[in-house]
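This is final-v6.cif (mmCIF, C-alpha atoms and all ligand atoms).
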data_coords
#
loop_
_atom_site.label_atom_id
_atom_site.label_comp_id
_atom_site.auth_asym_id
_atom_site.auth_seq_id
_atom_site.Cartn_x
_atom_site.Cartn_y
_atom_site.Cartn_z
CA MET A 1214 -3.54 123.29 -53.09
CA ASP A 1215 -5.53 120.18 -52.59
CA MET A 1216 -7.89 120.12 -55.56
CA LYS A 1217 -9.17 116.64 -54.73
CA ARG A 1218 -10.85 117.95 -51.62
CA GLU A 1219 -13.56 120.48 -51.15
CA LYS A 1220 -12.74 122.87 -48.36
CA ILE A 1221 -15.28 122.49 -45.56
CA ALA A 1222 -15.62 125.51 -43.27
CA SER A 1223 -14.70 124.76 -39.65
CA ASP A 1224 -18.22 125.85 -38.58
CA PHE A 1225 -19.49 122.47 -39.75
CA PHE A 1226 -17.18 120.58 -37.40
CA ARG A 1227 -17.79 123.03 -34.54
CA LYS A 1228 -21.52 122.57 -34.89
CA ASN A 1229 -21.08 118.78 -34.82
CA ARG A 1230 -19.01 119.03 -31.63
CA ASN A 1231 -21.65 121.25 -30.02
CA ASN A 1232 -24.39 118.80 -30.98
CA LEU A 1233 -22.43 116.00 -29.36
CA GLY A 1234 -21.87 118.26 -26.34
CA ASN A 1235 -25.65 118.71 -26.01
CA GLU A 1236 -26.06 114.95 -25.67
CA MET A 1237 -23.26 114.58 -23.10
CA GLN A 1238 -24.03 114.56 -19.39
CA GLU A 1239 -22.70 117.23 -17.03
CA ASN A 1240 -19.14 116.60 -15.86
CA SER A 1241 -18.30 114.32 -18.69
CA VAL A 1242 -15.58 113.87 -21.27
CA ALA A 1243 -15.73 112.41 -24.78
CA ILE A 1244 -12.60 110.97 -26.38
CA VAL A 1245 -12.30 110.12 -30.07
CA PHE A 1246 -9.10 108.79 -31.68
CA ALA A 1247 -8.06 109.22 -35.30
CA HIS A 1248 -7.52 105.94 -37.12
CA ASP A 1249 -3.97 104.62 -37.23
CA GLU A 1250 -2.28 103.74 -40.48
CA LEU A 1251 -3.11 100.13 -41.31
CA TRP A 1252 -0.14 97.93 -42.20
CA ARG A 1253 -0.45 96.02 -45.48
CA ASN A 1254 2.84 94.18 -46.06
CA GLY A 1255 6.61 94.83 -46.05
CA ASP A 1256 6.90 98.58 -45.60
CA GLN A 1257 3.49 99.31 -47.13
CA TYR A 1258 0.29 100.61 -45.64
CA TYR A 1259 -3.30 100.55 -46.93
CA PRO A 1260 -4.55 103.88 -48.34
CA TYR A 1261 -5.45 106.00 -45.35
CA ARG A 1262 -9.09 106.59 -44.49
CA GLN A 1263 -9.98 108.60 -41.40
CA ASN A 1264 -12.32 107.29 -38.69
CA SER A 1265 -15.71 108.71 -39.73
CA ASN A 1266 -16.60 109.98 -36.24
CA PHE A 1267 -13.23 111.71 -35.93
CA PHE A 1268 -13.64 113.34 -39.33
CA TYR A 1269 -17.20 114.43 -38.51
CA LEU A 1270 -16.00 116.20 -35.37
CA THR A 1271 -12.68 117.68 -36.58
CA GLY A 1272 -12.25 117.55 -40.38
CA ILE A 1273 -8.71 116.28 -39.77
CA GLU A 1274 -7.56 113.49 -42.10
CA GLN A 1275 -4.34 112.52 -40.43
CA ALA A 1276 -3.34 109.57 -38.24
CA GLY A 1277 -2.03 109.94 -34.69
CA CYS A 1278 -4.53 112.57 -33.46
CA VAL A 1279 -6.90 112.53 -30.47
CA LEU A 1280 -9.93 114.71 -29.78
CA VAL A 1281 -11.09 115.38 -26.22
CA LEU A 1282 -14.34 117.21 -25.45
CA ARG A 1283 -14.97 118.22 -21.86
CA LYS A 1284 -18.36 119.34 -20.58
CA GLN A 1285 -18.44 121.14 -17.25
CA GLU A 1286 -21.02 123.59 -15.97
CA SER A 1287 -22.77 123.28 -19.36
CA ARG A 1288 -19.67 124.59 -21.08
CA LEU A 1289 -17.97 122.54 -23.77
CA GLN A 1290 -14.20 122.72 -24.27
CA SER A 1291 -12.33 121.04 -27.14
CA PHE A 1292 -8.75 119.78 -27.06
CA LEU A 1293 -7.01 118.36 -30.11
CA PHE A 1294 -3.74 116.44 -29.88
CA ILE A 1295 -1.69 116.14 -33.08
CA PRO A 1296 1.73 114.60 -33.91
CA ARG A 1297 4.61 117.04 -33.49
CA ALA A 1298 6.27 118.46 -36.61
CA ASP A 1299 9.19 116.26 -37.67
CA PRO A 1300 11.50 117.40 -40.51
CA THR A 1301 12.84 113.88 -41.19
CA TYR A 1302 9.33 112.47 -41.44
CA GLU A 1303 8.39 115.25 -43.83
CA ILE A 1304 11.29 114.51 -46.19
CA TRP A 1305 9.94 111.01 -46.72
CA PHE A 1306 6.20 111.32 -46.31
CA GLY A 1307 5.37 114.96 -46.84
CA HIS A 1308 3.78 117.65 -44.82
CA ARG A 1309 2.07 117.07 -41.49
CA LEU A 1310 -0.41 119.58 -40.10
CA ASP A 1311 0.98 122.18 -37.76
CA LYS A 1312 -0.97 123.83 -34.97
CA GLU A 1313 -2.28 126.71 -37.09
CA GLU A 1314 -3.40 124.46 -39.92
CA ALA A 1315 -5.14 122.04 -37.54
CA GLU A 1316 -6.90 124.98 -35.92
CA ALA A 1317 -8.02 126.40 -39.28
CA ILE A 1318 -9.51 123.06 -40.37
CA SER A 1319 -11.19 122.08 -37.10
CA GLY A 1320 -11.94 125.42 -35.50
CA ILE A 1321 -10.35 124.13 -32.28
CA ALA A 1322 -8.10 126.61 -30.50
CA GLY A 1323 -6.75 124.18 -27.90
CA ILE A 1324 -4.18 122.23 -29.91
CA PHE A 1325 -1.37 120.25 -28.25
CA PRO A 1326 1.35 117.83 -29.31
CA ARG A 1327 0.20 114.20 -29.25
CA GLU A 1328 2.67 113.16 -26.54
CA GLU A 1329 1.01 115.65 -24.16
CA PHE A 1330 -2.13 113.54 -24.24
CA GLU A 1331 -0.80 110.99 -21.72
CA ARG A 1332 0.28 113.77 -19.35
CA MET A 1333 -2.89 115.89 -19.66
CA ARG A 1334 -5.25 112.95 -19.61
CA LYS A 1335 -5.41 112.76 -15.79
CA LYS A 1336 -6.16 116.45 -15.57
CA LEU A 1337 -8.79 116.30 -18.30
CA LEU A 1338 -10.54 113.36 -16.67
CA LYS A 1339 -10.45 114.89 -13.19
CA ASN A 1340 -13.90 115.30 -11.59
CA THR A 1341 -15.64 113.67 -14.51
CA GLU A 1342 -18.48 111.28 -13.79
CA THR A 1343 -18.92 109.89 -17.27
CA ILE A 1344 -16.43 109.23 -20.03
CA TYR A 1345 -17.62 108.62 -23.56
CA VAL A 1346 -15.14 106.78 -25.76
CA ASP A 1347 -15.34 106.12 -29.47
CA ARG A 1348 -14.92 102.35 -29.68
CA LEU A 1349 -15.41 99.56 -32.20
CA GLU A 1350 -19.16 99.13 -32.41
CA ASP A 1351 -19.74 96.06 -34.53
CA GLU A 1352 -17.98 92.91 -33.35
CA ASN A 1353 -19.00 91.09 -36.52
CA PHE A 1354 -16.55 93.18 -38.49
CA THR A 1355 -13.99 94.39 -35.97
CA ARG A 1356 -13.09 91.31 -33.94
CA GLY A 1357 -9.30 91.20 -33.56
CA ILE A 1358 -8.87 94.70 -35.00
CA SER A 1359 -6.63 97.07 -33.06
CA TYR A 1360 -7.99 100.56 -32.49
CA ALA A 1361 -6.65 102.99 -29.89
CA GLY A 1362 -10.20 103.97 -28.89
CA GLN A 1363 -11.08 100.35 -28.07
CA SER A 1364 -7.96 99.75 -25.91
CA PHE A 1365 -8.65 103.01 -24.13
CA PHE A 1366 -12.26 101.99 -23.54
CA ASP A 1367 -11.21 98.57 -22.21
CA THR A 1368 -8.61 100.07 -19.85
CA LEU A 1369 -11.03 102.64 -18.43
CA SER A 1370 -13.86 100.11 -18.11
CA SER A 1371 -11.69 97.76 -16.06
CA SER A 1372 -10.79 100.49 -13.55
CA ALA A 1373 -14.56 100.99 -12.94
CA LYS A 1374 -14.21 104.26 -11.06
CA ARG A 1375 -16.47 106.12 -13.47
CA LYS A 1376 -19.14 105.37 -15.98
CA VAL A 1377 -17.58 104.56 -19.34
CA LYS A 1378 -19.92 104.72 -22.30
CA SER A 1379 -19.77 104.52 -26.07
CA VAL A 1380 -19.86 107.79 -27.97
CA ALA A 1381 -21.46 106.39 -31.15
CA PRO A 1382 -25.13 106.35 -30.01
CA LEU A 1383 -24.90 110.05 -29.11
CA LEU A 1384 -23.49 110.90 -32.53
CA ALA A 1385 -25.90 108.67 -34.45
CA LYS A 1386 -28.76 111.05 -33.71
CA TYR A 1387 -26.94 113.72 -35.74
CA ARG A 1388 -25.04 111.65 -38.28
CA THR A 1389 -28.28 110.08 -39.53
CA VAL A 1390 -29.81 113.46 -40.44
CA LYS A 1391 -27.81 115.02 -43.24
CA GLN A 1392 -26.98 118.71 -43.26
CA LYS A 1393 -27.07 120.71 -46.48
CA LEU A 1394 -23.32 120.51 -46.94
CA GLU A 1395 -23.34 116.74 -46.44
CA LEU A 1396 -26.10 116.33 -49.02
CA GLN A 1397 -24.04 118.37 -51.48
CA LEU A 1398 -21.00 116.13 -50.99
CA MET A 1399 -23.13 112.99 -51.28
CA LYS A 1400 -24.74 114.35 -54.43
CA LYS A 1401 -21.30 114.85 -55.92
CA ALA A 1402 -20.38 111.25 -55.06
CA MET A 1403 -23.61 110.17 -56.77
CA ASP A 1404 -22.88 112.28 -59.87
CA ILE A 1405 -19.43 110.70 -60.18
CA THR A 1406 -21.04 107.27 -59.79
CA GLN A 1407 -23.52 108.14 -62.54
CA GLU A 1408 -20.78 109.30 -64.90
CA SER A 1409 -18.80 106.09 -64.43
CA PHE A 1410 -21.93 104.00 -65.11
CA GLU A 1411 -22.76 105.84 -68.32
CA HIS A 1412 -19.24 105.16 -69.58
CA VAL A 1413 -19.61 101.49 -68.70
CA LEU A 1414 -22.89 101.32 -70.63
CA LYS A 1415 -21.36 102.84 -73.75
CA LYS A 1416 -18.32 100.57 -73.59
CA ILE A 1417 -19.83 97.35 -72.32
CA ARG A 1418 -20.00 95.61 -75.68
CA ARG A 1419 -16.24 96.07 -76.08
CA LEU A 1420 -15.29 94.94 -72.58
CA HIS A 1421 -14.52 91.27 -72.11
CA THR A 1422 -13.98 90.75 -68.40
CA GLU A 1423 -15.40 91.81 -65.07
CA TYR A 1424 -12.09 93.48 -64.16
CA GLU A 1425 -12.13 95.61 -67.30
CA VAL A 1426 -15.54 96.91 -66.23
CA GLU A 1427 -14.13 97.56 -62.75
CA ALA A 1428 -11.20 99.46 -64.30
CA GLU A 1429 -13.62 101.63 -66.27
CA ILE A 1430 -15.53 102.47 -63.07
CA PHE A 1431 -12.35 103.24 -61.12
CA TYR A 1432 -10.97 105.39 -63.93
CA HIS A 1433 -13.96 107.72 -63.71
CA PHE A 1434 -13.93 107.70 -59.89
CA HIS A 1435 -10.25 108.61 -59.72
CA ARG A 1436 -10.23 111.23 -62.42
CA ARG A 1437 -12.80 113.18 -60.43
CA GLY A 1438 -10.99 112.90 -57.10
CA ALA A 1439 -13.05 110.05 -55.68
CA VAL A 1440 -12.32 106.52 -54.55
CA ALA A 1441 -14.63 103.51 -54.21
CA ALA A 1442 -16.72 103.84 -51.06
CA TYR A 1443 -16.71 100.04 -50.63
CA GLU A 1444 -15.53 96.98 -52.49
CA THR A 1445 -16.97 97.20 -55.98
CA ILE A 1446 -19.05 94.27 -57.18
CA VAL A 1447 -18.84 93.43 -60.89
CA ALA A 1448 -20.62 90.12 -61.22
CA GLY A 1449 -21.61 88.44 -64.48
CA GLY A 1450 -24.07 85.54 -64.77
CA LEU A 1451 -23.95 83.15 -61.81
CA ASN A 1452 -21.44 85.35 -59.94
CA ALA A 1453 -24.28 87.81 -59.35
CA THR A 1454 -26.00 85.28 -57.09
CA VAL A 1455 -23.07 85.57 -54.66
CA LEU A 1456 -24.20 88.64 -52.73
CA HIS A 1457 -20.72 89.94 -51.88
CA TYR A 1458 -18.79 88.75 -54.92
CA VAL A 1459 -15.85 91.16 -55.20
CA GLU A 1460 -13.17 89.11 -57.01
CA ASN A 1461 -14.32 90.55 -60.35
CA LYS A 1462 -12.07 88.08 -62.17
CA ASP A 1463 -14.20 86.29 -64.76
CA ASP A 1464 -14.93 86.69 -68.45
CA LEU A 1465 -18.19 88.31 -69.51
CA LEU A 1466 -20.48 86.09 -71.55
CA SER A 1467 -22.94 87.26 -74.17
CA GLY A 1468 -26.46 86.42 -72.99
CA ASP A 1469 -25.57 86.91 -69.31
CA LEU A 1470 -26.67 89.75 -67.10
CA LEU A 1471 -24.02 91.79 -65.31
CA LEU A 1472 -24.69 93.07 -61.80
CA LEU A 1473 -22.79 96.18 -60.71
CA ASP A 1474 -22.79 97.41 -57.12
CA PHE A 1475 -20.57 100.46 -57.08
CA GLY A 1476 -20.39 103.81 -55.35
CA ALA A 1477 -17.92 106.67 -55.27
CA GLU A 1478 -16.68 108.18 -52.01
CA TYR A 1479 -16.09 111.89 -52.36
CA ASN A 1480 -14.65 113.93 -49.47
CA ASN A 1481 -15.41 110.89 -47.28
CA TYR A 1482 -19.09 110.83 -48.28
CA ALA A 1483 -20.49 107.77 -50.03
CA ALA A 1484 -22.84 106.97 -52.87
CA ASP A 1485 -24.21 103.44 -53.15
CA CYS A 1486 -25.77 102.23 -56.36
CA SER A 1487 -26.59 98.91 -58.01
CA ARG A 1488 -27.52 98.36 -61.63
CA THR A 1489 -27.96 95.20 -63.69
CA ILE A 1490 -27.36 95.23 -67.44
CA PRO A 1491 -27.23 92.74 -70.32
CA VAL A 1492 -23.64 92.00 -71.44
CA ASN A 1493 -24.67 91.95 -75.13
CA GLY A 1494 -26.95 94.96 -74.83
CA LYS A 1495 -30.31 93.18 -75.03
CA PHE A 1496 -32.39 91.64 -72.21
CA SER A 1497 -33.94 88.24 -73.01
CA PRO A 1498 -37.73 87.99 -72.38
CA ARG A 1499 -37.14 86.05 -69.13
CA GLN A 1500 -34.43 88.47 -67.92
CA LYS A 1501 -36.79 91.32 -68.73
CA ALA A 1502 -39.63 89.76 -66.71
CA VAL A 1503 -37.45 89.27 -63.62
CA TYR A 1504 -35.91 92.74 -64.00
CA GLU A 1505 -39.33 94.40 -64.25
CA ALA A 1506 -40.42 92.55 -61.09
CA VAL A 1507 -37.46 93.92 -59.12
CA LEU A 1508 -38.04 97.39 -60.52
CA ARG A 1509 -41.75 97.35 -59.56
CA VAL A 1510 -40.88 96.42 -55.98
CA GLN A 1511 -38.21 99.11 -55.86
CA GLU A 1512 -40.45 101.86 -57.23
CA ALA A 1513 -43.26 100.97 -54.85
CA MET A 1514 -40.87 100.91 -51.89
CA ILE A 1515 -39.22 104.26 -52.71
CA ARG A 1516 -42.57 105.92 -51.90
CA GLU A 1517 -42.33 104.52 -48.35
CA TYR A 1518 -39.28 106.60 -47.33
CA VAL A 1519 -41.39 109.01 -45.31
CA PRO A 1520 -40.89 110.30 -41.75
CA GLY A 1521 -41.88 107.79 -39.07
CA ASN A 1522 -41.19 104.65 -41.09
CA THR A 1523 -38.32 102.28 -40.17
CA ILE A 1524 -36.12 99.81 -42.02
CA ASN A 1525 -37.89 96.96 -40.22
CA LYS A 1526 -41.28 98.15 -41.46
CA LEU A 1527 -39.91 98.57 -45.00
CA ASN A 1528 -38.51 95.03 -44.96
CA GLU A 1529 -41.88 93.64 -44.00
CA LYS A 1530 -43.66 95.43 -46.82
CA ALA A 1531 -40.94 94.66 -49.39
CA GLY A 1532 -41.19 90.97 -48.42
CA LYS A 1533 -44.92 90.97 -49.19
CA LEU A 1534 -44.45 92.66 -52.56
CA MET A 1535 -41.62 90.31 -53.41
CA GLU A 1536 -43.73 87.28 -52.50
CA LYS A 1537 -46.35 88.39 -55.05
CA GLU A 1538 -43.74 88.93 -57.77
CA LEU A 1539 -42.05 85.58 -57.17
CA LEU A 1540 -45.44 83.86 -57.42
CA SER A 1541 -46.13 85.44 -60.81
CA LEU A 1542 -42.65 84.55 -62.00
CA GLY A 1543 -43.34 80.92 -61.07
CA LEU A 1544 -40.41 80.80 -58.68
CA ILE A 1545 -42.49 80.00 -55.61
CA THR A 1546 -45.95 78.39 -55.27
CA PRO A 1547 -48.97 79.14 -53.04
CA GLU A 1548 -48.10 75.83 -51.38
CA ASP A 1549 -44.59 77.16 -50.49
CA ILE A 1550 -46.24 80.16 -48.85
CA ARG A 1551 -48.77 78.08 -46.90
CA LYS A 1552 -45.99 75.88 -45.57
CA GLN A 1553 -43.57 78.69 -44.83
CA ASP A 1554 -42.03 79.24 -41.44
CA LYS A 1555 -42.36 82.85 -40.24
CA GLU A 1556 -38.64 83.11 -39.63
CA HIS A 1557 -37.83 81.79 -43.10
CA PRO A 1558 -40.48 83.04 -45.53
CA ALA A 1559 -40.55 81.44 -48.97
CA TYR A 1560 -39.43 84.62 -50.76
CA LYS A 1561 -36.06 84.46 -48.95
CA LYS A 1562 -34.99 81.69 -51.27
CA TYR A 1563 -34.63 84.34 -54.02
CA TYR A 1564 -34.39 87.60 -52.06
CA MET A 1565 -32.17 86.97 -49.06
CA HIS A 1566 -30.97 90.40 -47.95
CA GLY A 1567 -32.53 93.51 -46.44
CA LEU A 1568 -34.01 96.35 -48.46
CA SER A 1569 -32.15 99.27 -46.98
CA HIS A 1570 -29.40 100.78 -44.86
CA PHE A 1571 -28.41 104.29 -43.85
CA LEU A 1572 -25.86 106.04 -46.06
CA GLY A 1573 -23.40 108.86 -45.34
CA LEU A 1574 -19.77 108.92 -44.24
CA ASP A 1575 -19.97 105.14 -44.02
CA VAL A 1576 -21.66 103.16 -46.73
CA HIS A 1577 -23.51 101.35 -43.96
CA ASP A 1578 -23.92 104.50 -41.92
CA ALA A 1579 -25.00 105.31 -38.36
CA GLY A 1580 -28.62 104.36 -37.66
CA ASN A 1581 -30.30 100.97 -37.23
CA LYS A 1582 -33.36 99.01 -38.29
CA ASP A 1583 -35.60 100.59 -35.64
CA THR A 1584 -34.45 104.20 -36.10
CA PRO A 1585 -37.60 106.17 -37.04
CA PHE A 1586 -37.07 108.00 -40.32
CA ARG A 1587 -36.77 111.76 -40.11
CA GLU A 1588 -36.64 114.34 -42.84
CA GLY A 1589 -33.06 114.65 -44.15
CA MET A 1590 -32.03 111.05 -43.60
CA VAL A 1591 -30.58 109.20 -46.58
CA LEU A 1592 -31.04 105.46 -47.05
CA THR A 1593 -30.68 103.01 -49.88
CA CYS A 1594 -33.52 101.09 -51.55
CA GLU A 1595 -32.18 97.87 -53.01
CA PRO A 1596 -34.42 94.89 -53.68
CA GLY A 1597 -33.06 91.98 -55.71
CA ILE A 1598 -33.90 88.57 -57.10
CA TYR A 1599 -31.18 85.91 -57.35
CA ILE A 1600 -31.86 82.69 -59.26
CA ARG A 1601 -28.94 80.27 -59.33
CA LYS A 1602 -30.62 77.76 -61.60
CA GLU A 1603 -31.25 80.51 -64.16
CA ASN A 1604 -27.74 81.92 -63.95
CA MET A 1605 -28.85 85.41 -62.95
CA GLY A 1606 -28.85 87.89 -60.11
CA ILE A 1607 -30.62 91.23 -60.39
CA ARG A 1608 -30.38 94.11 -57.91
CA ILE A 1609 -31.48 97.70 -58.44
CA GLU A 1610 -30.35 100.19 -55.82
CA ASP A 1611 -30.93 103.91 -55.42
CA ASP A 1612 -30.20 106.43 -52.65
CA ILE A 1613 -33.32 108.00 -51.18
CA LEU A 1614 -33.71 111.22 -49.20
CA VAL A 1615 -36.46 110.82 -46.59
CA GLY A 1616 -39.22 113.40 -46.95
CA ASN A 1617 -42.81 113.94 -47.93
CA PRO A 1618 -42.57 113.00 -50.74
CA PRO A 1619 -39.23 111.13 -50.65
CA VAL A 1620 -36.59 112.15 -53.20
CA ASN A 1621 -34.63 109.62 -55.23
CA LEU A 1622 -31.16 111.25 -55.28
CA THR A 1623 -29.82 108.79 -57.88
CA ARG A 1624 -32.85 108.99 -60.20
CA ASN A 1625 -30.65 110.14 -63.09
CA ILE A 1626 -28.60 106.96 -63.12
CA PRO A 1627 -30.35 105.03 -65.94
CA LYS A 1628 -32.34 101.94 -64.94
CA LYS A 1629 -35.34 101.56 -67.29
CA ILE A 1630 -34.87 98.68 -69.72
CA ASP A 1631 -35.35 100.66 -72.95
CA GLU A 1632 -33.11 103.43 -71.62
CA LEU A 1633 -30.33 100.95 -70.78
CA GLU A 1634 -30.62 99.18 -74.14
CA LYS A 1635 -30.64 102.49 -76.00
CA ILE A 1636 -27.49 103.83 -74.31
CA ILE A 1637 -25.65 100.53 -74.79
CA SER A 1638 -26.53 100.48 -78.49
CA SER A 1639 -25.39 104.12 -78.87
CA GLY A 1640 -21.91 103.09 -77.73
CA ASN A 1641 -19.16 101.38 -79.66
CA PRO A 1642 -20.20 98.09 -81.29
CA PRO A 1643 -18.30 94.95 -80.31
CA GLN A 1644 -14.88 94.55 -81.87
CA LYS A 1645 -14.67 92.07 -84.73
CA LEU A 1646 -11.92 89.58 -83.95
MN MN B 1701 -26.22 99.19 -50.45
#
I need this file expressed as structure tokens, please.
Ligand SMILES: [Mn+2]
Amino acid sequence: MDMKREKIASDFFRKNRNNLGNEMQENSVAIVFAHDELWRNGDQYYPYRQNSNFFYLTGIEQAGCVLVLRKQESRLQSFLFIPRADPTYEIWFGHRLDKEEAEAISGIAGIFPREEFERMRKKLLKNTETIYVDRLEDENFTRGISYAGQSFFDTLSSSAKRKVKSVAPLLAKYRTVKQKLELQLMKKAMDITQESFEHVLKKIRRLHTEYEVEAEIFYHFHRRGAVAAYETIVAGGLNATVLHYVENKDDLLSGDLLLLDFGAEYNNYAADCSRTIPVNGKFSPRQKAVYEAVLRVQEAMIREYVPGNTINKLNEKAGKLMEKELLSLGLITPEDIRKQDKEHPAYKKYYMHGLSHFLGLDVHDAGNKDTPFREGMVLTCEPGIYIRKENMGIRIEDDILVGNPPVNLTRNIPKKIDELEKIISSGNPPQKL
């Protein structure tokens, strides 16, 4: 039995398909492909991670599958195509789902071998006016990437006989609002993230490099059946001013701060947390002042995660608060603010990223900067101050459940200065060499 996975009842996936069906027009079809295996080198592939939309609609975590939903006369039918059983394949790579197993996971009764897809496709698309295809949504990150859904979309679009649309906007309405089960899985990812951080705190004075810290985090992710939801950032001193520093290769220096941006992915659901700690266990007065400024902005902003707000509105408010803090820290002057260009406000010199993003199956989940917040949405709150000339970058990030009042789901991951210093000092003292 697969102990690394929690069994999710097929009702969850059926409900998600029905929700998508409600958004689809009459006489339409939606097609979602499973991700292919991604080649790494030689005969090796990257660890497999299912396409989030495909998982959300089927629960199937296997390559080579296709989901087709057909809506006609307000009735929704589901068809799932899976690779045929192959004894030789199984000797080398293990078990592949058979029809019964795929049905039990997904709740879909109409299951067919994958090679039938090409033959049945014409029939399934017959009399449809609109076809929704799951395609690559963000060109910034997917240019040049091969995905069956995208090729399918391009082929259909060029024939121009029917309307071809993207499936993602229809799903975003549902993926942004977390169901109870999803919140439970995310909470588990957050608990695992918390556990790994507490171990780092207790060990930090005996760890000498960024990659040792990373190993400590991964150890606690893996032992609880999780993986990293995104590339882990372990950035000491100046490295923390590189926003996406993921090499994690340098020595840790006493007197430096260490920025950690790390989150477990459990059952495909992500946590996303950032903490900043002193390598030697004690914040200097200046580090403390900058840290407290970031924390004040974060705590004020967490209260803003109420229904009706948007990421854009949060960014505006966070910018104003940050401006005030940077003035008191002496990093910017009233003159800088008077002279500032609206597009490039003075605070952006030290706080250059956004405050928040949606969180769920993807670490940067469905939903955008104008999506009005609704109860049950989960977003991050992550202000930061990065000062190259002072060799420090500080970010504090928690995961917030929208509501009235909002709930900080990662509130138990320590972040107050005295709490951090106390836990570090309770751990093993540095090794005498
Ligand atoms: Mn984040």
Test item: residues at most 9 Å from A:Gly1532, all atoms listed in the file, excluding those fewer than 2 positions along its chain, as a PyMOL selection string: chain A and resi 1527-1530+1534-1537+1558+1560-1561+1564+1568
Requested write-out: C-alpha atoms of the selected residues, as a PDB file, in the coordinates of the input:
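That gives us result01.pdb:
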ATOM      1  CA  LEU A1527     -39.910  98.570 -45.000  1.00  0.00           C
ATOM      2  CA  ASN A1528     -38.510  95.030 -44.960  1.00  0.00           C
ATOM      3  CA  GLU A1529     -41.880  93.640 -44.000  1.00  0.00           C
ATOM      4  CA  LYS A1530     -43.660  95.430 -46.820  1.00  0.00           C
ATOM      5  CA  LEU A1534     -44.450  92.660 -52.560  1.00  0.00           C
ATOM      6  CA  MET A1535     -41.620  90.310 -53.410  1.00  0.00           C
ATOM      7  CA  GLU A1536     -43.730  87.280 -52.500  1.00  0.00           C
ATOM      8  CA  LYS A1537     -46.350  88.390 -55.050  1.00  0.00           C
ATOM      9  CA  PRO A1558     -40.480  83.040 -45.530  1.00  0.00           C
ATOM     10  CA  TYR A1560     -39.430  84.620 -50.760  1.00  0.00           C
ATOM     11  CA  LYS A1561     -36.060  84.460 -48.950  1.00  0.00           C
ATOM     12  CA  TYR A1564     -34.390  87.600 -52.060  1.00  0.00           C
ATOM     13  CA  LEU A1568     -34.010  96.350 -48.460  1.00  0.00           C
TER      14      LEU A1568
END
Write out as a PyMOL selection string each polymer residue whose atoms come within 8 Å of A:Phe1475, counting only C-alpha atoms; drop sequence neighbours fewer than 4 positions from it. chain A and resi 1406+1441-1446+1485-1487
Kindly provide the residues of chain A that approach ligand MN 1701 (chain B) to within 7 Å, each paired with its closest atom pair and their distance in Å to one decimal, based on only C-alpha atoms and all ligand atoms, listed by chain and increasing number, as JSON lines.
{"residue": "A:Asp1485", "atom": "CA", "partner": "B:MN1701", "partner_atom": "MN", "distance": 5.4}
{"residue": "A:Cys1486", "atom": "CA", "partner": "B:MN1701", "partner_atom": "MN", "distance": 6.7}
{"residue": "A:Ser1569", "atom": "CA", "partner": "B:MN1701", "partner_atom": "MN", "distance": 6.9}
{"residue": "A:His1570", "atom": "CA", "partner": "B:MN1701", "partner_atom": "MN", "distance": 6.6}
{"residue": "A:Thr1593", "atom": "CA", "partner": "B:MN1701", "partner_atom": "MN", "distance": 5.9}
{"residue": "A:Glu1595", "atom": "CA", "partner": "B:MN1701", "partner_atom": "MN", "distance": 6.6}
{"residue": "A:Glu1610", "atom": "CA", "partner": "B:MN1701", "partner_atom": "MN", "distance": 6.8}
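For the pair atom CA of A:Leu1572 and atom CA of A:Pro1260, the interatomic distance is 21.5 Å.
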A:Ala1531, A:Leu1310, A:Val1281, A:Val1459 ranked by distance to A:Asp1474, top pick (using all atoms listed in the file): A:Val1459
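We find atom CA of A:Asn1481 and atom CA of A:Leu1574 to be spaced 5.7 Å apart.
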Could you list, as a ChimeraX atom specification, every residue within 9 Å of stretch 1626-1633 of chain A, counting all atoms listed in the file and ignoring same-chain residues fewer than 4 positions away? /A:1403-1404,1406-1408,1410-1411,1414,1486,1488-1491,1494-1496,1501,1504-1505,1508,1609,1611,1637-1638
List the neighbours of stretch 1354-1364 of chain A out to 12 Å using all atoms listed in the file; skip same-chain residues closer than 2 positions along the sequence, and give me the result as a ChimeraX atom specification. /A:1243-1252,1264,1266-1267,1276-1281,1345-1352,1366-1371,1377-1381
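Proximity ranking of A:Glu1395, A:Glu1239, A:Asp1256, A:Asp1469 relative to A:Glu1219 places A:Glu1395 first, based on only C-alpha atoms.
For the pair atom CA of A:Tyr1518 and atom CA of A:Val1440, the separation is 27.9 Å.
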Would you list the contacts of A:Tyr1563 as a ChimeraX atom specification, taking every protein, DNA or RNA residue within 9 Å and counting all atoms listed in the file, but skipping same-chain residues closer than 5 positions in sequence? /A:1539,1544,1597-1601
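Restricting the calculation to all atoms listed in the file, the smallest distance between A:Arg1283 and any of A:Arg1230, A:His1557, A:Arg1332, A:His1308 is found for A:Arg1230.
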Closest of A:Ile1417, A:Leu1614, A:Val1510, A:Cys1594 to A:Asn1641 - atom-to-atom distances counting all atoms listed in the file: A:Ile1417
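Candidate residues A:Lys1336, A:Ala1385, A:Ala1315, A:Phe1292 were compared for distance to A:Gln1275, and the nearest is A:Ala1315, using only C-alpha atoms.
Considering only C-alpha atoms, the residue among A:Ile1607, A:Lys1228, A:Leu1233, A:Thr1623 positioned nearest to A:Leu1383 is A:Leu1233.
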